[in-house]
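Undergrad: This one is query.cif, mmCIF, C-alpha atoms and all ligand atoms.
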data_protein
loop_
_atom_site.label_atom_id
_atom_site.label_comp_id
_atom_site.auth_asym_id
_atom_site.auth_seq_id
_atom_site.Cartn_x
_atom_site.Cartn_y
_atom_site.Cartn_z
CA MET N 36 -36.70 24.52 -4.84
CA THR N 37 -34.46 21.53 -5.47
CA LEU N 38 -34.12 18.94 -2.79
CA ALA N 39 -31.78 16.22 -1.74
CA LEU N 40 -34.27 13.45 -1.08
CA THR N 41 -32.98 9.94 -1.44
CA LYS N 42 -35.32 7.28 -2.83
CA THR N 43 -35.35 5.64 0.58
CA ALA N 44 -36.35 8.92 2.14
CA ILE N 45 -39.20 9.44 -0.31
CA GLU N 46 -40.52 5.97 0.38
CA MET N 47 -40.02 6.33 4.10
CA LYS N 48 -43.35 6.49 5.90
CA THR N 49 -41.90 6.67 9.40
CA LYS N 50 -43.89 9.23 11.36
CA THR N 51 -42.15 12.50 12.09
CA LYS N 52 -41.67 13.30 15.77
CA ILE N 53 -43.30 16.65 16.51
CA ASP N 54 -45.04 17.39 19.78
CA PRO N 55 -48.75 16.90 18.99
CA ARG N 56 -49.77 19.29 21.78
CA ALA N 57 -47.89 22.12 20.04
CA ILE N 58 -49.72 21.36 16.79
CA GLU N 59 -53.14 21.06 18.42
CA MET N 60 -52.81 24.54 19.92
CA CYS N 61 -53.47 25.89 16.44
CA VAL N 62 -57.23 26.33 15.99
CA ARG N 63 -56.77 27.24 12.30
CA CYS N 64 -58.28 30.69 12.67
CA GLY N 65 -55.97 32.13 10.02
CA THR N 66 -54.99 35.28 11.94
CA CYS N 67 -51.38 34.54 11.02
CA ARG N 68 -52.19 34.69 7.29
CA SER N 69 -52.24 38.46 7.49
CA VAL N 70 -48.75 38.76 8.97
CA CYS N 71 -46.58 35.96 7.56
CA PRO N 72 -43.96 37.68 5.36
CA ALA N 73 -43.35 34.59 3.24
CA PHE N 74 -47.07 34.19 2.54
CA GLU N 75 -47.30 37.87 1.56
CA VAL N 76 -44.90 37.11 -1.28
CA LEU N 77 -45.82 33.52 -2.19
CA GLY N 78 -49.57 33.59 -1.59
CA TRP N 79 -50.21 29.86 -1.14
CA GLU N 80 -51.80 28.28 1.91
CA SER N 81 -48.92 25.81 2.23
CA ARG N 82 -46.54 28.80 2.42
CA ASN N 83 -48.22 30.43 5.38
CA THR N 84 -48.13 29.67 9.06
CA ARG N 85 -51.36 27.74 9.28
CA GLY N 86 -50.47 25.68 6.21
CA ARG N 87 -47.05 24.83 7.66
CA ILE N 88 -48.68 23.61 10.85
CA MET N 89 -51.01 21.40 8.80
CA VAL N 90 -47.99 20.06 6.94
CA ALA N 91 -46.27 19.29 10.25
CA LYS N 92 -49.43 17.53 11.44
CA ALA N 93 -49.60 15.46 8.27
CA LEU N 94 -45.93 14.49 8.65
CA ARG N 95 -46.71 13.26 12.14
CA GLU N 96 -49.48 11.16 10.70
CA GLY N 97 -47.18 9.56 8.15
CA LEU N 98 -47.15 11.86 5.10
CA ALA N 99 -44.12 11.09 2.94
CA PRO N 100 -42.13 14.30 2.55
CA ASP N 101 -41.71 15.61 -0.99
CA SER N 102 -40.23 18.81 -2.37
CA ASP N 103 -43.46 20.73 -1.72
CA VAL N 104 -43.38 19.74 1.95
CA LEU N 105 -39.78 20.87 2.23
CA ASP N 106 -40.50 24.17 0.51
CA SER N 107 -43.47 24.76 2.82
CA LEU N 108 -41.34 24.25 5.93
CA ASN N 109 -38.18 25.91 4.68
CA THR N 110 -39.70 29.15 3.42
CA CYS N 111 -40.38 30.16 7.04
CA THR N 112 -37.92 32.81 8.21
CA THR N 113 -38.70 31.93 11.87
CA CYS N 114 -39.55 35.63 12.31
CA GLY N 115 -42.09 34.83 15.03
CA ILE N 116 -44.66 37.49 14.18
CA CYS N 117 -47.25 34.70 13.82
CA ALA N 118 -46.53 33.57 17.38
CA ALA N 119 -46.84 37.16 18.62
CA LYS N 120 -50.26 37.52 16.95
CA CYS N 121 -51.69 34.03 17.49
CA PRO N 122 -54.80 34.26 19.71
CA ALA N 123 -54.45 30.58 20.67
CA GLY N 124 -50.88 30.84 21.93
CA ALA N 125 -49.35 28.58 19.26
CA ASN N 126 -45.63 28.93 18.55
CA PRO N 127 -45.35 28.11 14.84
CA PRO N 128 -41.60 28.71 14.34
CA VAL N 129 -40.86 26.15 17.04
CA ILE N 130 -43.08 23.63 15.23
CA VAL N 131 -41.41 24.43 11.91
CA GLN N 132 -37.93 24.03 13.39
CA GLU N 133 -38.91 20.77 15.04
CA ALA N 134 -40.32 19.45 11.76
CA ARG N 135 -37.13 20.43 9.93
CA ARG N 136 -35.00 18.78 12.60
CA SER N 137 -37.00 15.59 12.50
CA LEU N 138 -36.73 15.36 8.70
CA VAL N 139 -33.01 16.21 8.61
CA ALA N 140 -32.39 13.48 11.19
CA LYS N 141 -33.82 11.07 8.62
CA GLY N 142 -31.68 12.50 5.83
CA VAL N 143 -34.55 14.45 4.25
CA MET N 144 -33.49 17.99 3.38
CA THR N 145 -33.09 20.41 0.51
CA GLU N 146 -29.79 20.80 -1.30
CA ALA N 147 -29.45 24.21 0.32
CA GLN N 148 -29.82 22.71 3.80
CA ALA N 149 -27.31 19.97 3.01
CA GLY N 150 -24.89 22.47 1.46
CA LEU N 151 -25.07 24.86 4.40
CA SER N 152 -24.53 22.10 6.92
CA GLY N 153 -21.58 20.66 4.99
CA LYS N 154 -19.97 24.07 4.61
CA VAL N 155 -20.32 25.11 8.25
CA ASN N 156 -19.12 21.77 9.58
CA ALA N 157 -16.10 21.74 7.24
CA SER N 158 -14.99 25.34 7.75
CA GLY N 159 -16.53 26.53 11.03
CA ASN N 160 -18.27 29.41 9.25
CA THR N 161 -21.33 29.95 7.05
CA PHE N 162 -19.31 31.01 4.01
CA GLY N 163 -16.90 28.08 3.78
CA GLU N 164 -14.09 30.64 4.17
CA LYS N 165 -10.64 29.26 4.76
CA ALA N 166 -9.18 32.62 5.79
CA GLU N 167 -8.38 33.35 9.43
CA ARG N 168 -11.48 34.36 11.35
CA LEU N 169 -9.50 37.02 13.21
CA GLY N 170 -8.00 38.30 9.96
CA TRP N 171 -9.39 41.78 10.73
CA LEU N 172 -6.79 42.08 13.51
CA SER N 173 -3.03 42.41 13.00
CA ASP N 174 -0.77 39.57 14.14
CA ALA N 175 0.40 41.78 17.02
CA GLU N 176 -3.21 42.45 18.08
CA VAL N 177 -3.99 38.73 18.00
CA ALA N 178 -0.86 37.94 20.02
CA GLY N 179 -1.85 40.63 22.54
CA LEU N 180 -5.35 39.29 23.22
CA LYS N 181 -5.97 38.64 26.88
CA GLU N 182 -6.12 34.97 27.76
CA ARG N 183 -8.41 35.56 30.71
CA ALA N 184 -11.19 38.16 31.03
CA ASP N 185 -14.64 38.59 32.51
CA ARG N 186 -16.12 39.50 29.15
CA VAL N 187 -15.83 38.10 25.66
CA TYR N 188 -16.97 39.63 22.37
CA PHE N 189 -18.50 36.92 20.16
CA VAL N 190 -18.08 38.31 16.63
CA GLY N 191 -20.13 35.90 14.49
CA CYS N 192 -19.52 34.74 10.92
CA LEU N 193 -20.95 37.76 9.09
CA ASP N 194 -18.98 40.47 10.83
CA SER N 195 -15.83 38.29 10.87
CA TYR N 196 -15.85 37.68 7.12
CA ARG N 197 -18.15 40.20 5.42
CA TYR N 198 -18.12 43.26 7.69
CA PRO N 199 -14.70 43.18 9.37
CA GLU N 200 -14.80 46.98 9.76
CA VAL N 201 -17.87 46.57 12.00
CA ALA N 202 -16.08 43.84 13.98
CA LYS N 203 -13.12 46.16 14.43
CA LYS N 204 -15.25 49.15 15.48
CA THR N 205 -17.20 46.98 17.91
CA PHE N 206 -14.06 45.50 19.45
CA ASN N 207 -12.45 48.92 19.75
CA LEU N 208 -15.49 50.10 21.71
CA LEU N 209 -15.68 47.00 23.88
CA LYS N 210 -11.93 46.90 24.59
CA ARG N 211 -12.40 49.97 26.77
CA PHE N 212 -14.32 47.67 29.12
CA ASP N 213 -11.89 44.77 29.46
CA VAL N 214 -13.33 42.56 26.73
CA THR N 215 -11.36 39.91 24.87
CA LEU N 216 -12.03 37.56 21.94
CA LEU N 217 -12.21 33.79 21.56
CA PRO N 218 -8.91 32.77 19.94
CA ASP N 219 -10.61 30.14 17.80
CA GLU N 220 -14.25 31.24 17.54
CA VAL N 221 -16.43 29.19 15.20
CA CYS N 222 -20.00 29.72 13.97
CA CYS N 223 -22.40 29.88 16.94
CA GLY N 224 -24.48 27.15 15.29
CA SER N 225 -27.54 29.28 14.53
CA PRO N 226 -27.78 28.54 10.80
CA LEU N 227 -27.61 24.80 11.49
CA ILE N 228 -30.05 24.82 14.40
CA ARG N 229 -32.60 26.96 12.51
CA THR N 230 -32.45 24.68 9.46
CA GLY N 231 -32.74 21.46 11.44
CA SER N 232 -29.13 20.27 11.65
CA GLU N 233 -26.96 19.38 14.62
CA ALA N 234 -24.58 22.03 15.95
CA ARG N 235 -23.19 20.22 19.01
CA GLY N 236 -19.58 20.26 17.78
CA LEU N 237 -19.62 24.03 17.16
CA VAL N 238 -21.32 24.76 20.47
CA ASP N 239 -18.76 22.66 22.36
CA ARG N 240 -15.80 24.36 20.65
CA ASN N 241 -17.03 27.82 21.59
CA LEU N 242 -18.05 26.76 25.08
CA GLU N 243 -14.66 25.26 25.85
CA GLN N 244 -12.96 28.58 24.99
CA ILE N 245 -15.45 30.69 26.93
CA LYS N 246 -14.75 28.53 29.98
CA ARG N 247 -10.96 28.63 29.48
CA ILE N 248 -11.05 32.44 29.35
CA GLY N 249 -13.22 32.50 32.47
CA ALA N 250 -15.76 34.85 30.88
CA LYS N 251 -18.93 35.54 32.83
CA THR N 252 -20.48 37.61 30.03
CA VAL N 253 -20.56 37.04 26.28
CA ILE N 254 -21.41 40.09 24.16
CA THR N 255 -22.46 39.83 20.53
CA GLY N 256 -23.51 42.23 17.78
CA CYS N 257 -25.47 39.64 15.78
CA ALA N 258 -29.15 38.92 16.56
CA GLY N 259 -28.86 35.31 15.41
CA CYS N 260 -25.78 34.68 17.55
CA TYR N 261 -27.48 36.39 20.50
CA SER N 262 -30.56 34.19 20.34
CA THR N 263 -28.49 31.05 19.91
CA LEU N 264 -26.02 31.83 22.70
CA LYS N 265 -28.92 32.64 24.99
CA LYS N 266 -31.27 29.78 24.16
CA ASP N 267 -29.21 26.95 22.72
CA TYR N 268 -26.08 27.11 24.93
CA PRO N 269 -26.08 26.05 28.58
CA PRO N 270 -26.81 28.98 30.92
CA ASP N 271 -23.22 29.13 32.21
CA PHE N 272 -22.71 32.79 31.32
CA LYS N 273 -24.69 35.97 30.78
CA VAL N 274 -25.40 36.92 27.16
CA LEU N 275 -25.61 40.59 26.22
CA SER N 276 -26.30 42.18 22.86
CA VAL N 277 -24.06 45.06 21.78
CA PRO N 278 -26.97 47.55 22.02
CA GLU N 279 -27.65 46.45 25.61
CA PHE N 280 -23.98 46.85 26.49
CA LEU N 281 -23.74 50.26 24.82
CA ALA N 282 -26.93 51.47 26.51
CA GLU N 283 -25.52 50.42 29.89
CA HIS N 284 -22.29 52.33 29.25
CA ILE N 285 -23.58 55.26 27.22
CA SER N 286 -22.47 57.88 29.74
CA GLU N 287 -18.88 56.59 29.59
CA LEU N 288 -18.57 56.82 25.80
CA ASP N 289 -18.24 60.61 25.41
CA LEU N 290 -20.62 60.93 22.46
CA LYS N 291 -21.50 64.11 20.59
CA PRO N 292 -24.91 64.64 18.98
CA LEU N 293 -25.15 63.98 15.25
CA GLU N 294 -27.35 66.32 13.24
CA ILE N 295 -29.25 63.52 11.52
CA SER N 296 -32.46 61.54 11.83
CA VAL N 297 -32.52 57.79 11.46
CA THR N 298 -34.98 54.93 11.66
CA TYR N 299 -34.44 51.60 13.39
CA HIS N 300 -35.13 48.11 12.04
CA ASP N 301 -35.82 45.59 14.85
CA PRO N 302 -34.13 42.27 14.04
CA CYS N 303 -36.69 39.50 14.75
CA HIS N 304 -34.28 37.48 16.87
CA LEU N 305 -33.35 40.46 19.03
CA GLY N 306 -36.74 42.13 19.31
CA ARG N 307 -39.67 39.77 19.10
CA HIS N 308 -37.73 36.67 20.17
CA ASN N 309 -35.83 38.25 23.04
CA GLY N 310 -37.61 41.47 23.95
CA ILE N 311 -34.67 43.78 23.22
CA PHE N 312 -36.50 46.84 21.93
CA ASP N 313 -35.43 49.74 24.17
CA PRO N 314 -31.60 49.57 24.41
CA PRO N 315 -30.87 50.28 20.71
CA ARG N 316 -33.43 53.11 20.79
CA GLU N 317 -31.83 54.60 23.91
CA VAL N 318 -28.44 54.64 22.18
CA ILE N 319 -29.84 56.11 18.96
CA LYS N 320 -31.83 58.81 20.74
CA SER N 321 -28.77 59.88 22.71
CA ILE N 322 -27.01 60.94 19.50
CA SER N 323 -29.65 61.50 16.78
CA ASP N 324 -33.36 61.81 16.05
CA LEU N 325 -35.26 58.56 15.79
CA VAL N 326 -38.26 58.22 13.50
CA GLU N 327 -39.97 54.84 13.86
CA MET N 328 -40.68 52.58 10.90
CA ARG N 329 -44.30 52.02 9.90
CA ALA N 330 -44.18 48.68 11.75
CA SER N 331 -41.82 48.51 14.68
CA ARG N 332 -41.01 46.74 17.95
CA GLU N 333 -43.32 43.65 18.33
CA ASN N 334 -44.94 44.47 14.99
CA ALA N 335 -41.70 44.88 13.04
CA ARG N 336 -41.70 43.04 9.75
CA CYS N 337 -38.95 40.58 8.96
CA CYS N 338 -35.99 41.44 6.69
CA GLY N 339 -36.38 38.02 5.04
CA GLY N 340 -32.88 36.80 5.84
CA GLY N 341 -33.41 34.40 8.73
CA GLY N 342 -34.32 30.75 9.14
CA GLY N 343 -32.12 29.70 6.22
CA VAL N 344 -34.36 31.55 3.75
CA ARG N 345 -31.60 33.79 2.40
CA ALA N 346 -29.46 30.74 1.66
CA GLY N 347 -32.27 28.50 0.40
CA TYR N 348 -34.67 30.90 -1.30
CA PRO N 349 -32.72 34.06 -2.21
CA ASP N 350 -35.46 35.53 -4.45
CA LEU N 351 -38.08 35.19 -1.73
CA SER N 352 -35.64 36.58 0.82
CA LEU N 353 -35.01 39.74 -1.21
CA LYS N 354 -38.71 40.23 -2.00
CA ILE N 355 -39.46 40.16 1.75
CA ALA N 356 -36.66 42.67 2.34
CA LYS N 357 -38.04 44.98 -0.38
CA ARG N 358 -41.40 44.94 1.39
CA ARG N 359 -39.69 45.81 4.66
CA LEU N 360 -38.09 48.81 2.97
CA LEU N 361 -41.61 50.14 2.27
CA ASP N 362 -41.91 50.70 6.04
CA VAL N 363 -39.03 53.21 6.09
CA PRO N 364 -40.30 56.70 6.92
CA SER N 365 -39.50 59.45 4.44
CA GLY N 366 -36.79 61.97 5.16
CA VAL N 367 -34.49 59.85 7.34
CA ASP N 368 -30.75 59.81 6.69
CA ALA N 369 -30.11 56.15 7.56
CA ILE N 370 -31.65 52.84 8.54
CA VAL N 371 -29.92 51.53 11.66
CA SER N 372 -30.01 47.92 12.81
CA CYS N 373 -28.19 45.56 15.15
CA CYS N 374 -27.83 42.44 13.03
CA PRO N 375 -25.46 41.98 10.09
CA LEU N 376 -27.87 39.61 8.35
CA CYS N 377 -30.70 42.18 8.42
CA ILE N 378 -28.29 44.89 7.27
CA ARG N 379 -27.02 42.75 4.41
CA ASN N 380 -30.51 41.79 3.22
CA LEU N 381 -31.86 45.32 3.36
CA ARG N 382 -28.81 46.60 1.46
CA ASP N 383 -29.09 43.83 -1.13
CA ALA N 384 -32.79 44.62 -1.59
CA GLY N 385 -31.71 48.01 -2.94
CA SER N 386 -32.30 50.41 -0.08
CA GLU N 387 -31.81 53.94 -1.37
CA ILE N 388 -30.97 55.06 2.15
CA GLU N 389 -27.78 53.80 3.73
CA VAL N 390 -28.24 50.84 6.09
CA VAL N 391 -25.77 50.88 8.96
CA ASP N 392 -24.94 48.99 12.12
CA LEU N 393 -25.64 50.77 15.41
CA VAL N 394 -21.90 50.60 16.04
CA ASP N 395 -21.27 52.64 12.88
CA LEU N 396 -23.61 55.34 14.15
CA VAL N 397 -21.95 55.35 17.57
CA GLY N 398 -18.52 55.43 15.91
CA ARG N 399 -19.48 58.68 14.12
CA ALA N 400 -20.51 60.24 17.42
CA ILE N 401 -17.46 59.36 19.50
CA ARG N 402 -15.43 62.44 20.47
CA SER N 403 -12.26 60.57 21.38
CA PRO N 404 -11.99 57.30 19.45
S1 LIG B 1 -51.13 29.53 14.29
FE1 LIG B 1 -52.48 30.73 15.64
S2 LIG B 1 -53.10 32.47 14.35
FE2 LIG B 1 -52.32 30.90 12.95
S3 LIG B 1 -54.13 29.68 12.35
FE3 LIG B 1 -53.21 28.66 14.12
S4 LIG B 1 -54.34 29.48 15.87
FE4 LIG B 1 -54.73 30.90 14.18
S1 LIG B 2 -42.31 32.57 11.77
FE1 LIG B 2 -42.66 34.23 10.29
S2 LIG B 2 -42.23 33.29 8.27
FE2 LIG B 2 -42.51 31.61 9.76
S3 LIG B 2 -44.66 31.03 9.62
FE3 LIG B 2 -44.49 32.54 11.27
S4 LIG B 2 -44.90 34.52 10.26
FE4 LIG B 2 -44.45 33.05 8.64
#
Mind converting the file's structure to structure tokens?
Ligand code: SF4
Ligand code: SF4
TA:
Amino acid sequence: MTLALTKTAIEMKTKTKIDPRAIEMCVRCGTCRSVCPAFEVLGWESRNTRGRIMVAKALREGLAPDSDVLDSLNTCTTCGICAAKCPAGANPPVIVQEARRSLVAKGVMTEAQAGLSGKVNASGNTFGEKAERLGWLSDAEVAGLKERADRVYFVGCLDSYRYPEVAKKTFNLLKRFDVTLLPDEVCCGSPLIRTGSEARGLVDRNLEQIKRIGAKTVITGCAGCYSTLKKDYPPDFKVLSVPEFLAEHISELDLKPLEISVTYHDPCHLGRHNGIFDPPREVIKSISDLVEMRASRENARCCGGGGGVRAGYPDLSLKIAKRRLLDVPSGVDAIVSCCPLCIRNLRDAGSEIEVVDLVDLVGRAIRSP
């Protein structure tokens, strides 16, 4: 993969700041080799968890970063299955993110990292879109948004610009429960934080609006936004995922059973990273049959989209998604998920079965929309 190393950066021998205790937790047993989705596709030691930790260690000791180092670190989707399986308690995605952050702070990054950061900072979204973020609402609906509310729906870049019909369906459901929108929402910062860049400006813009509205709860339908709002924003408000909110209010939604069976793909940043396994399943089971994927819950395999991999290494990203599709049980009518990035990657990988958001499934079951 191409990189944007300056000559100064290549010559720079300044040690990279990564917590040595985190690195030393890895006893190099190699358990993670059997689960890393990037390694499954790429097959090199430097592209698996243990290799990435050794790269981070070498950077600490003064290794000059080159394109191979950047590819090693940046092909990690931050899926976290290595951390879940590690017998020594190491947390490799945290080490990877820290290594990326340390290098980016010195101006060492791939062209994809630099491009993503430039685009998000210039436009406030991951696509560099200039269109209105609330373009999926009419002018009258925008004008009618409540200026103060206890709850806010944080839409995210993907649903705002690529799946506006999902944003609309989600908001229509949430509006029944006194939920409003940020008038000037920007990217939550996840793509920047995961790829090592600063997101302070974006975080502050969103925070200021959440405070002005007086919201005590922020609800989001994107796994990446959820994890970021929960872990990278100050704990001034409660963060709920859409499946959690729907599960809490299922009895108030007047749903009819659908005569279909579906499977559920756990987004890494909702499931493994935040323990949200049951709420989407409760919602699904209330309206349809659920058949689990071959690997699910803590063992769910990554869709390949996260950690900047879709943007930086699209071929790898799609190959990981194709492997995830092999886990789909036969005979189901749909793959349901709760993250637009997972849904997009699984669709782009050529799923023969439709891949839908949980909100789409609920929308089909509502008696009185
Ligand atoms: S990260 Fe954990 S599982 Fe992987 S080699 Fe190190 S100790 Fe073993
Ligand atoms: S977080 Fe996922 S992609 Fe990254 S090293 Fe661990 S298993 Fe591999």
Undergrad: How far is it from atom CA of N:Val326 to atom CA of N:Ala369, in Å with one decimal?
TA: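 Computing it gives 10.3 Å between the two atoms.
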Undergrad: For ligand LIG 2 (chain B), list the contacting residues at 6 Å or closer, counting all atoms listed in the file, as a list in words.
TA: Val70, Cys71, Pro72, Ala73, Asn83, Thr84, Cys111, Thr112, Thr113, Cys114, Gly115, Ile116, Cys117, Pro127 and Pro128 of chain N
Undergrad: 10 Å from ligand LIG 1 (chain B) is the threshold here; counting all atoms listed in the file, which polymer residues fall inside it? Answer as a short mmCIF file (atom, residue, chain, number, x, y, z; two decimals) with C-alpha atoms, in the frame of the given file.
TA:
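Written out: part_16.cif:
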data_model
loop_
_atom_site.label_atom_id
_atom_site.label_comp_id
_atom_site.auth_asym_id
_atom_site.auth_seq_id
_atom_site.Cartn_x
_atom_site.Cartn_y
_atom_site.Cartn_z
CA ALA N 57 -47.89 22.12 20.04
CA ILE N 58 -49.72 21.36 16.79
CA GLU N 59 -53.14 21.06 18.42
CA MET N 60 -52.81 24.54 19.92
CA CYS N 61 -53.47 25.89 16.44
CA VAL N 62 -57.23 26.33 15.99
CA ARG N 63 -56.77 27.24 12.30
CA CYS N 64 -58.28 30.69 12.67
CA GLY N 65 -55.97 32.13 10.02
CA THR N 66 -54.99 35.28 11.94
CA CYS N 67 -51.38 34.54 11.02
CA ARG N 68 -52.19 34.69 7.29
CA SER N 69 -52.24 38.46 7.49
CA VAL N 70 -48.75 38.76 8.97
CA CYS N 71 -46.58 35.96 7.56
CA ASN N 83 -48.22 30.43 5.38
CA THR N 84 -48.13 29.67 9.06
CA ARG N 85 -51.36 27.74 9.28
CA GLY N 86 -50.47 25.68 6.21
CA ARG N 87 -47.05 24.83 7.66
CA ILE N 88 -48.68 23.61 10.85
CA MET N 89 -51.01 21.40 8.80
CA ILE N 116 -44.66 37.49 14.18
CA CYS N 117 -47.25 34.70 13.82
CA ALA N 118 -46.53 33.57 17.38
CA ALA N 119 -46.84 37.16 18.62
CA LYS N 120 -50.26 37.52 16.95
CA CYS N 121 -51.69 34.03 17.49
CA PRO N 122 -54.80 34.26 19.71
CA ALA N 123 -54.45 30.58 20.67
CA GLY N 124 -50.88 30.84 21.93
CA ALA N 125 -49.35 28.58 19.26
CA ASN N 126 -45.63 28.93 18.55
CA PRO N 127 -45.35 28.11 14.84
CA PRO N 128 -41.60 28.71 14.34
#
Undergrad: Quick one, how far is atom CA of N:Pro364 from atom CA of N:Arg197?
TA: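 Distance between the two atoms: 27.7 Å.
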Undergrad: Pull the neighbourhood of (-13.3, 38.1, 9.1) for me: all residues within 6 Å in file coordinates, counting all atoms listed in the file, as an NGL selection string.
TA: :N and (168-171 or 195-196 or 199)
Undergrad: May I ask for the distance between atom CA of N:Leu290 and atom CA of N:Glu333, given in Å to one decimal place?
TA: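 Atom CA of N:Leu290 sits 28.8 Å away from atom CA of N:Glu333.
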Undergrad: Could you give me, as a tab-separated table (two decimals) with C-alpha atoms, in the frame of the given file, the residues that have an atom at most 8 Å away from the point (-30.1, 38.9, -2.7) in the coordinates of the file, using all atoms listed in the file?
TA:
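File produced: part37.tsv:
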chain	number	residue	atom	x	y	z
N	345	ARG	CA	-31.60	33.79	2.40
N	349	PRO	CA	-32.72	34.06	-2.21
N	350	ASP	CA	-35.46	35.53	-4.45
N	352	SER	CA	-35.64	36.58	0.82
N	353	LEU	CA	-35.01	39.74	-1.21
N	380	ASN	CA	-30.51	41.79	3.22
N	383	ASP	CA	-29.09	43.83	-1.13
N	384	ALA	CA	-32.79	44.62	-1.59
Undergrad: My list of candidates is N:Leu208, N:Ile228, N:Leu216, N:Val344. Which is closest to N:Gln132 when distances are computed with all atoms listed in the file?
TA: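 Checking each candidate against N:Gln132, we get N:Ile228 as the closest.
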Undergrad: Find the residues near stretch 400-402 of chain N: any atom within 10 Å, counting all atoms listed in the file, skip ones fewer than 3 places away on the same chain, and give them as a list of chain:residue names.
TA: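 Counting all atoms listed in the file, the residues come to N:Leu208, N:Leu288, N:Asp289, N:Leu290, N:Lys291, N:Pro292, N:Leu293, N:Ser321, N:Ile322, N:Ser323, N:Val394, N:Asp395, N:Leu396, N:Val397.
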Undergrad: Measuring atom to atom with only C-alpha atoms, identify which of N:Gly310, N:Asp103, N:Ser225, N:Val253 is nearest to N:Trp79.
TA: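 Looking at the shortest contact to N:Trp79, the residue is N:Asp103.
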Undergrad: Of the candidates N:Ile370, N:Leu172, N:Ile245, N:Leu264, which shows the shortest atom-to-atom distance to N:Lys204, using only C-alpha atoms?
TA: N:Leu172
Undergrad: Given only C-alpha atoms as the basis, pick out the residue of N:Thr230, N:Ser331, N:Thr252, N:Lys181 nearest to N:Thr110.
TA: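 Nearest to N:Thr110: N:Thr230.
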Undergrad: Nearest to N:Lys354 among N:Asp54, N:Glu146, N:Glu182, N:Glu75, with distances taken over all atoms listed in the file: which residue is it?
TA: N:Glu75
Undergrad: How about completing stretch 77-90 of chain N with N, CA and C atoms and giving it to me as a compact mmCIF listing (two decimals), in the frame of the given file?
TA:
# COMPACT_ATOMS: atom_id res chain seq x y z
N LEU N 77 -45.55 34.75 -1.44
CA LEU N 77 -45.82 33.52 -2.19
C LEU N 77 -47.31 33.25 -2.40
N GLY N 78 -48.11 33.62 -1.40
CA GLY N 78 -49.57 33.59 -1.59
C GLY N 78 -50.24 32.23 -1.56
N TRP N 79 -49.54 31.17 -1.21
CA TRP N 79 -50.21 29.86 -1.14
C TRP N 79 -50.42 29.46 0.31
N GLU N 80 -51.50 28.72 0.55
CA GLU N 80 -51.80 28.28 1.91
C GLU N 80 -50.64 27.46 2.51
N SER N 81 -50.01 26.64 1.69
CA SER N 81 -48.92 25.81 2.23
C SER N 81 -47.67 26.64 2.54
N ARG N 82 -47.69 27.92 2.13
CA ARG N 82 -46.54 28.80 2.42
C ARG N 82 -46.90 29.82 3.50
N ASN N 83 -47.97 29.56 4.23
CA ASN N 83 -48.22 30.43 5.38
C ASN N 83 -48.21 29.61 6.65
N THR N 84 -48.29 30.30 7.76
CA THR N 84 -48.13 29.67 9.06
C THR N 84 -49.09 28.51 9.25
N ARG N 85 -50.36 28.78 9.04
CA ARG N 85 -51.36 27.74 9.28
C ARG N 85 -51.11 26.53 8.38
N GLY N 86 -50.76 26.78 7.13
CA GLY N 86 -50.47 25.68 6.21
C GLY N 86 -49.27 24.87 6.68
N ARG N 87 -48.26 25.55 7.19
CA ARG N 87 -47.05 24.83 7.66
C ARG N 87 -47.40 23.94 8.85
N ILE N 88 -48.29 24.43 9.70
CA ILE N 88 -48.68 23.61 10.85
C ILE N 88 -49.45 22.37 10.37
N MET N 89 -50.28 22.55 9.34
CA MET N 89 -51.01 21.40 8.80
C MET N 89 -50.05 20.40 8.15
N VAL N 90 -49.01 20.93 7.53
CA VAL N 90 -47.99 20.06 6.94
C VAL N 90 -47.28 19.27 8.04
